[in-house]
Amino acid sequence: MRTLAACLAAASLVAAGGCLGDGGVVTVTFDQQSMVTPTISNFNAANATANDSSDGFIHFTATSAQGTLTMRIVGPIHVGDMVDLMTEHNMVSFDRGGAPAAGWSNNGGILAVDGVMPYKVRFLAVPMLRGSGAAMGSFVLDGTGTFK
């Protein structure tokens, strides 16, 4: 009986571990950089997640060694939507990993919705401006993301 319980417990841990990190992939570029410091380079993450919240927002997160990309979009969204990032309380931010701490936030832009289960989006020339910490300069965020 103890052996059976131990086997079931081990199987549960393996199953739970298989679900951890089962996020989507995000690849974005930081184009048209103007006086950006500290230095940032293209962003790639393989753990992108999306969560619908009771307040009506969809919270998107992707993290890698380069930093953390976060979005908050007013939901629901549908395939074919072009989300105006200047309206409602929609926002995109990128916080650089490492020291010194630095973050940039969007100033408009468009997010194209290509899928919803999982969420598949395209960043269409999203202008990013200095937001926090040691961040300086501006750039344009372009790329794609699958958030699970």
# chains A, B, ... in the order shown; residues from 1 in each chain; ligands from 1
>>> select_by_dssp(residues="region 12-72 of chain A", states="alpha helix (DSSP H)", output="VMD selection string")
chain A and resid 12 to 19
>>> residues_around(residues="Ala45 (chain A)", least_positions_apart="2", cutoff="10 Å", atoms="only C-alpha atoms", output="NGL selection string")
:A and (23-28 or 43 or 47-48 or 61-69 or 145)
>>> write_last_selection(atoms="all heavy atoms", output="CSV table (one decimal), in the first residue's frame")
chain,number,residue,atom,x,y,z
A,23,GLY,N,4.5,27.4,-21.5
A,23,GLY,CA,4.0,28.6,-22.0
A,23,GLY,C,4.3,28.7,-23.5
A,23,GLY,O,4.8,27.8,-24.1
A,24,GLY,N,3.9,29.9,-24.0
A,24,GLY,CA,4.1,30.1,-25.4
A,24,GLY,C,5.4,30.8,-25.7
A,24,GLY,O,6.2,31.0,-24.8
A,25,VAL,N,5.7,31.1,-27.0
A,25,VAL,CA,6.9,31.7,-27.4
A,25,VAL,C,6.7,33.2,-27.9
A,25,VAL,O,5.7,33.4,-28.6
A,25,VAL,CB,7.5,30.9,-28.5
A,25,VAL,CG1,8.8,31.6,-29.1
A,25,VAL,CG2,7.8,29.5,-28.1
A,26,VAL,N,7.5,34.1,-27.4
A,26,VAL,CA,7.5,35.5,-27.8
A,26,VAL,C,8.8,35.8,-28.4
A,26,VAL,O,9.9,35.6,-27.8
A,26,VAL,CB,7.2,36.4,-26.6
A,26,VAL,CG1,7.2,37.8,-27.0
A,26,VAL,CG2,5.8,36.1,-26.1
A,27,THR,N,8.8,36.5,-29.6
A,27,THR,CA,10.0,37.0,-30.2
A,27,THR,C,9.7,38.4,-30.7
A,27,THR,O,8.8,38.6,-31.5
A,27,THR,CB,10.4,36.1,-31.4
A,27,THR,OG1,10.6,34.8,-31.0
A,27,THR,CG2,11.7,36.7,-32.1
A,28,VAL,N,10.4,39.4,-30.1
A,28,VAL,CA,10.2,40.8,-30.5
A,28,VAL,C,11.6,41.4,-30.8
A,28,VAL,O,12.6,41.0,-30.3
A,28,VAL,CB,9.5,41.6,-29.5
A,28,VAL,CG1,8.0,41.1,-29.3
A,28,VAL,CG2,10.2,41.7,-28.2
A,43,PHE,N,14.4,40.3,-28.0
A,43,PHE,CA,13.8,39.6,-26.9
A,43,PHE,C,13.2,38.3,-27.3
A,43,PHE,O,12.4,38.3,-28.3
A,43,PHE,CB,12.8,40.5,-26.2
A,43,PHE,CG,12.0,39.8,-25.1
A,43,PHE,CD1,12.6,39.8,-23.8
A,43,PHE,CD2,10.8,39.3,-25.2
A,43,PHE,CE1,11.9,39.2,-22.7
A,43,PHE,CE2,10.1,38.7,-24.2
A,43,PHE,CZ,10.7,38.6,-22.9
A,47,ASN,N,8.3,31.1,-22.3
A,47,ASN,CA,7.4,30.8,-21.2
A,47,ASN,C,6.2,31.8,-21.1
A,47,ASN,O,5.8,32.2,-20.0
A,47,ASN,CB,8.2,30.8,-19.9
A,47,ASN,CG,8.8,32.2,-19.6
A,47,ASN,OD1,8.7,33.1,-20.4
A,47,ASN,ND2,9.3,32.4,-18.4
A,48,ALA,N,5.7,32.3,-22.2
A,48,ALA,CA,4.7,33.3,-22.2
A,48,ALA,C,3.3,32.8,-21.8
A,48,ALA,O,2.9,31.8,-22.2
A,48,ALA,CB,4.6,33.9,-23.6
A,61,THR,N,2.3,37.9,-19.8
A,61,THR,CA,3.7,38.0,-19.3
A,61,THR,C,4.6,37.0,-20.0
A,61,THR,O,4.2,35.9,-20.3
A,61,THR,CB,3.7,37.6,-17.8
A,61,THR,OG1,2.8,38.4,-17.1
A,61,THR,CG2,5.1,37.8,-17.2
A,62,ALA,N,5.8,37.5,-20.3
A,62,ALA,CA,6.9,36.7,-20.9
A,62,ALA,C,8.2,37.1,-20.3
A,62,ALA,O,8.5,38.3,-20.3
A,62,ALA,CB,6.9,36.8,-22.4
A,63,THR,N,9.0,36.1,-19.8
A,63,THR,CA,10.2,36.5,-19.1
A,63,THR,C,11.4,35.7,-19.7
A,63,THR,O,11.2,34.5,-20.0
A,63,THR,CB,10.1,36.1,-17.6
A,63,THR,OG1,9.0,36.9,-17.1
A,63,THR,CG2,11.3,36.5,-16.9
A,64,SER,N,12.5,36.3,-19.8
A,64,SER,CA,13.7,35.6,-20.3
A,64,SER,C,14.9,36.3,-19.6
A,64,SER,O,14.7,37.3,-18.8
A,64,SER,CB,13.9,35.7,-21.8
A,64,SER,OG,14.3,37.0,-22.2
A,65,ALA,N,16.1,35.9,-19.9
A,65,ALA,CA,17.3,36.5,-19.3
A,65,ALA,C,17.4,38.0,-19.7
A,65,ALA,O,18.0,38.8,-19.0
A,65,ALA,CB,18.5,35.8,-19.7
A,66,GLN,N,16.8,38.4,-20.8
A,66,GLN,CA,16.8,39.7,-21.3
A,66,GLN,C,15.9,40.7,-20.6
A,66,GLN,O,16.1,41.9,-20.6
A,66,GLN,CB,16.5,39.8,-22.8
A,66,GLN,CG,17.5,39.0,-23.7
A,66,GLN,CD,16.8,38.1,-24.6
A,66,GLN,OE1,15.9,37.3,-24.2
A,66,GLN,NE2,17.2,38.1,-25.9
A,67,GLY,N,14.9,40.1,-19.9
A,67,GLY,CA,13.9,41.0,-19.2
A,67,GLY,C,12.5,40.4,-19.2
A,67,GLY,O,12.3,39.2,-19.4
A,68,THR,N,11.6,41.2,-18.9
A,68,THR,CA,10.2,40.8,-18.8
A,68,THR,C,9.3,41.7,-19.6
A,68,THR,O,9.3,43.0,-19.5
A,68,THR,CB,9.7,40.9,-17.3
A,68,THR,OG1,10.5,40.0,-16.5
A,68,THR,CG2,8.2,40.4,-17.2
A,69,LEU,N,8.5,41.1,-20.5
A,69,LEU,CA,7.5,41.8,-21.3
A,69,LEU,C,6.2,41.6,-20.7
A,69,LEU,O,5.8,40.4,-20.5
A,69,LEU,CB,7.6,41.3,-22.8
A,69,LEU,CG,6.6,41.9,-23.7
A,69,LEU,CD1,7.0,43.4,-24.1
A,69,LEU,CD2,6.5,41.1,-25.0
A,145,GLY,N,3.9,36.9,-30.7
A,145,GLY,CA,3.8,36.2,-29.4
A,145,GLY,C,2.7,35.2,-29.4
A,145,GLY,O,1.6,35.5,-29.9
>>> select_by_dssp(residues="region 23-70 of chain A", states="strand (DSSP E or B)", output="ChimeraX atom specification")
/A:24-37,43-52,57-64,67-70
>>> residues_around(residues="Met86 (chain A)", least_positions_apart="6", cutoff="8 Å", atoms="only C-alpha atoms", output="PDB file with all heavy atoms, in the first residue's frame")
ATOM      1  N   ASN A 107       3.590  53.967 -25.965  1.00  0.00           N
ATOM      2  CA  ASN A 107       2.939  55.248 -26.203  1.00  0.00           C
ATOM      3  C   ASN A 107       2.125  55.085 -27.480  1.00  0.00           C
ATOM      4  O   ASN A 107       2.463  55.619 -28.520  1.00  0.00           O
ATOM      5  CB  ASN A 107       3.980  56.362 -26.346  1.00  0.00           C
ATOM      6  CG  ASN A 107       3.331  57.722 -26.481  1.00  0.00           C
ATOM      7  OD1 ASN A 107       2.276  57.963 -25.934  1.00  0.00           O
ATOM      8  ND2 ASN A 107       3.966  58.607 -27.244  1.00  0.00           N
ATOM      9  N   GLY A 108       1.080  54.277 -27.399  1.00  0.00           N
ATOM     10  CA  GLY A 108       0.259  53.991 -28.567  1.00  0.00           C
ATOM     11  C   GLY A 108       0.654  52.666 -29.178  1.00  0.00           C
ATOM     12  O   GLY A 108       1.242  51.806 -28.532  1.00  0.00           O
ATOM     13  N   GLY A 109       0.323  52.504 -30.456  1.00  0.00           N
ATOM     14  CA  GLY A 109       0.626  51.279 -31.178  1.00  0.00           C
ATOM     15  C   GLY A 109      -0.591  50.388 -31.337  1.00  0.00           C
ATOM     16  O   GLY A 109      -1.669  50.667 -30.803  1.00  0.00           O
TER      17      GLY A 109
END
>>> closest_residue(among="A:Gly97, A:Pro38, A:Pro76, A:Gly56", to="Met136 (chain A)", atoms="only C-alpha atoms")
A:Pro38
>>> closest_residue(among="A:Met91, A:Ala134, A:Leu124, A:Ile73", to="Ala50 (chain A)", atoms="only C-alpha atoms")
A:Ile73
>>> closest_residue(among="A:Ala125, A:Val79, A:Ala135, A:Met117", to="Phe30 (chain A)", atoms="only C-alpha atoms")
A:Ala125
>>> closest_residue(among="A:Phe147, A:Tyr119, A:Phe139, A:Phe57", to="Glu88 (chain A)", atoms="only C-alpha atoms")
A:Phe57
>>> closest_residue(among="A:Pro127, A:Gly75, A:Gly137, A:Pro118", to="Asn90 (chain A)", atoms="only C-alpha atoms")
A:Gly75
>>> atom_distance(atom1="CA of Ser132 (chain A)", atom2="CA of Thr29 (chain A)")
19.9 Å
>>> atom_distance(atom1="CA of Met82 (chain A)", atom2="CA of Gly103 (chain A)")
24.9 Å
>>> atom_distance(atom1="CA of Met35 (chain A)", atom2="CA of Thr70 (chain A)")
22.6 Å
>>> residues_around(residues="region 111-115 of chain A", least_positions_apart="6", cutoff="8 Å", atoms="only C-alpha atoms", output="ChimeraX atom specification")
/A:77-85,121-124,126
>>> closest_residue(among="A:Val140, A:Val116, A:Val36, A:Met128", to="Val92 (chain A)", atoms="only C-alpha atoms")
A:Met128
>>> decode(residues="region 65-92 of chain A", atoms="N, CA, C and O atoms", output="short mmCIF file (atom, residue, chain, number, x, y, z; two decimals), in the first residue's frame")
data_model
loop_
_atom_site.label_atom_id
_atom_site.label_comp_id
_atom_site.auth_asym_id
_atom_site.auth_seq_id
_atom_site.Cartn_x
_atom_site.Cartn_y
_atom_site.Cartn_z
N ALA A 65 16.11 35.91 -19.86
CA ALA A 65 17.29 36.55 -19.28
C ALA A 65 17.38 38.02 -19.70
O ALA A 65 17.97 38.83 -18.99
N GLN A 66 16.78 38.37 -20.84
CA GLN A 66 16.84 39.75 -21.33
C GLN A 66 15.91 40.68 -20.56
O GLN A 66 16.11 41.89 -20.55
N GLY A 67 14.88 40.14 -19.93
CA GLY A 67 13.93 40.97 -19.19
C GLY A 67 12.54 40.38 -19.17
O GLY A 67 12.35 39.19 -19.43
N THR A 68 11.57 41.25 -18.87
CA THR A 68 10.17 40.83 -18.78
C THR A 68 9.29 41.74 -19.64
O THR A 68 9.34 42.96 -19.50
N LEU A 69 8.51 41.12 -20.50
CA LEU A 69 7.54 41.82 -21.32
C LEU A 69 6.17 41.57 -20.70
O LEU A 69 5.80 40.41 -20.48
N THR A 70 5.44 42.64 -20.38
CA THR A 70 4.10 42.48 -19.81
C THR A 70 3.11 43.31 -20.62
O THR A 70 3.46 44.36 -21.17
N MET A 71 1.89 42.82 -20.67
CA MET A 71 0.79 43.55 -21.32
C MET A 71 -0.45 43.40 -20.47
O MET A 71 -0.65 42.37 -19.82
N ARG A 72 -1.28 44.41 -20.53
CA ARG A 72 -2.61 44.34 -19.92
C ARG A 72 -3.56 44.89 -20.98
O ARG A 72 -3.43 46.02 -21.42
N ILE A 73 -4.49 44.04 -21.39
CA ILE A 73 -5.42 44.38 -22.47
C ILE A 73 -6.84 44.21 -21.95
O ILE A 73 -7.15 43.21 -21.30
N VAL A 74 -7.70 45.17 -22.28
CA VAL A 74 -9.11 45.05 -21.91
C VAL A 74 -9.72 43.94 -22.75
O VAL A 74 -9.61 43.94 -23.97
N GLY A 75 -10.33 42.96 -22.10
CA GLY A 75 -10.95 41.83 -22.78
C GLY A 75 -12.44 42.02 -22.92
O GLY A 75 -12.99 43.00 -22.41
N PRO A 76 -13.10 41.14 -23.59
CA PRO A 76 -12.49 40.04 -24.33
C PRO A 76 -11.93 40.53 -25.66
O PRO A 76 -12.32 41.60 -26.16
N ILE A 77 -11.01 39.76 -26.23
CA ILE A 77 -10.50 40.05 -27.56
C ILE A 77 -10.82 38.86 -28.45
O ILE A 77 -11.01 37.74 -27.97
N HIS A 78 -10.89 39.13 -29.76
CA HIS A 78 -11.31 38.11 -30.71
C HIS A 78 -10.33 38.06 -31.88
O HIS A 78 -9.67 39.06 -32.18
N VAL A 79 -10.30 36.92 -32.56
CA VAL A 79 -9.46 36.78 -33.75
C VAL A 79 -9.85 37.88 -34.74
O VAL A 79 -11.03 38.12 -34.99
N GLY A 80 -8.85 38.56 -35.27
CA GLY A 80 -9.08 39.63 -36.24
C GLY A 80 -9.11 41.01 -35.61
O GLY A 80 -9.05 42.00 -36.33
N ASP A 81 -9.20 41.09 -34.27
CA ASP A 81 -9.20 42.40 -33.61
C ASP A 81 -7.87 43.10 -33.83
O ASP A 81 -6.81 42.48 -33.86
N MET A 82 -7.93 44.42 -33.94
CA MET A 82 -6.77 45.29 -33.95
C MET A 82 -6.90 46.14 -32.70
O MET A 82 -7.72 47.07 -32.66
N VAL A 83 -6.15 45.80 -31.67
CA VAL A 83 -6.28 46.46 -30.38
C VAL A 83 -5.47 47.75 -30.38
O VAL A 83 -4.25 47.72 -30.58
N ASP A 84 -6.15 48.87 -30.17
CA ASP A 84 -5.49 50.17 -30.07
C ASP A 84 -4.89 50.29 -28.68
O ASP A 84 -5.61 50.32 -27.68
N LEU A 85 -3.57 50.37 -28.61
CA LEU A 85 -2.90 50.40 -27.31
C LEU A 85 -2.92 51.79 -26.68
O LEU A 85 -2.35 51.98 -25.61
N MET A 86 -3.59 52.74 -27.31
CA MET A 86 -3.68 54.08 -26.76
C MET A 86 -5.03 54.29 -26.06
O MET A 86 -5.23 55.29 -25.41
N THR A 87 -5.94 53.34 -26.19
CA THR A 87 -7.28 53.51 -25.62
C THR A 87 -7.46 52.63 -24.40
O THR A 87 -6.65 51.76 -24.10
N GLU A 88 -8.60 52.86 -23.72
CA GLU A 88 -8.96 52.08 -22.54
C GLU A 88 -7.80 52.14 -21.54
O GLU A 88 -7.21 53.17 -21.34
N HIS A 89 -7.47 51.01 -20.97
CA HIS A 89 -6.34 50.91 -20.05
C HIS A 89 -5.36 49.87 -20.58
O HIS A 89 -4.71 49.17 -19.82
N ASN A 90 -5.26 49.78 -21.91
CA ASN A 90 -4.34 48.84 -22.53
C ASN A 90 -2.91 49.35 -22.35
O ASN A 90 -2.65 50.54 -22.46
N MET A 91 -1.98 48.43 -22.09
CA MET A 91 -0.59 48.84 -21.94
C MET A 91 0.36 47.70 -22.22
O MET A 91 0.02 46.53 -22.10
N VAL A 92 1.57 48.09 -22.66
CA VAL A 92 2.68 47.16 -22.88
C VAL A 92 3.88 47.75 -22.15
O VAL A 92 4.10 48.97 -22.19
#
